[in-house]
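Notes for the one structure printed next.
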Amino acid sequence: MSEALRWQKSSFSGGAGDTDCLEISATPTTLHLRESDHPTAILTPTPSALRALLTTLRP
């Protein structure tokens with residue numbers, strides 16, 4: 001990844017001291033996901049894989 005990614009915490013994350021949360025970064029062509037306590041492990045799912053994940057996780 002050549003460009004610097006700007007990470008945003010999930011709105012479902014806890015307060016300021018909570019480090020256990022999902023972060024997302026978007027570029028014009030991709031979405032990147034990472035867990036805040038493992039910031040070097042970045043996932044870049046395809047649109048269909050992300051759709052499948054979100055469909056599975058939604059109640």
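Numbering starts fresh at 1 for the residues of each chain in the structure tokens, the chains themselves are lettered A, B, ... in the order given, and ligands are numbered from 1 as they appear.
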
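When the distance limit is 10 Å and only C-alpha atoms are what count, the residues near His38 (chain A), minus those fewer than 3 positions from it on the same chain, are A:Thr19, A:Asp20, A:Cys21, A:Leu22, A:Arg34, A:Glu35, A:Ala41, A:Ile42.
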
Kindly save the residues from that selection, with C-alpha atoms included, as a short mmCIF file (atom, residue, chain, number, x, y, z; two decimals), in the first residue's frame.
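Now in result_38.cif:
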```cif
data_model
loop_
_atom_site.label_atom_id
_atom_site.label_comp_id
_atom_site.auth_asym_id
_atom_site.auth_seq_id
_atom_site.Cartn_x
_atom_site.Cartn_y
_atom_site.Cartn_z
CA THR A 19 -8.58 -0.46 22.42
CA ASP A 20 -10.64 -3.46 21.30
CA CYS A 21 -12.32 -2.17 18.15
CA LEU A 22 -12.56 -2.46 14.40
CA ARG A 34 -7.92 -3.89 10.92
CA GLU A 35 -8.35 -4.62 14.60
CA ALA A 41 -2.71 -7.06 10.30
CA ILE A 42 -4.73 -5.36 7.57
#
```

- [ ] Based on DSSP run over this structure's backbone, return all residues of chain A in helix (DSSP H, G or I), as a PyMOL selection string.
- [x] chain A and resi 47-57

Task: Straight-line distance linking CA of Pro39 (chain A) with CA of Arg58 (chain A), stated in Å to one decimal - done: 24.2 Å

Open item on the list: I want to know what sits within 9 Å of Pro47 (chain A), based on only C-alpha atoms, with residues of the same chain fewer than 3 positions away left out; could you give that as JSON, numbers by chain?
Closed with: {"A": [30, 31, 50, 51, 52]}

Open item on the list: Write out as a list of chain:residue names the set of residues from chain A that DSSP, computed on the backbone, places in strand (DSSP E or B).
Closed with: A:Gln8, A:Lys9, A:Leu22, A:Glu23, A:Ile24, A:Ser25, A:Ala26, A:Leu31, A:His32, A:Leu33, A:Arg34, A:Glu35, A:His38, A:Pro39, A:Thr40, A:Ala41, A:Ile42, A:Leu43
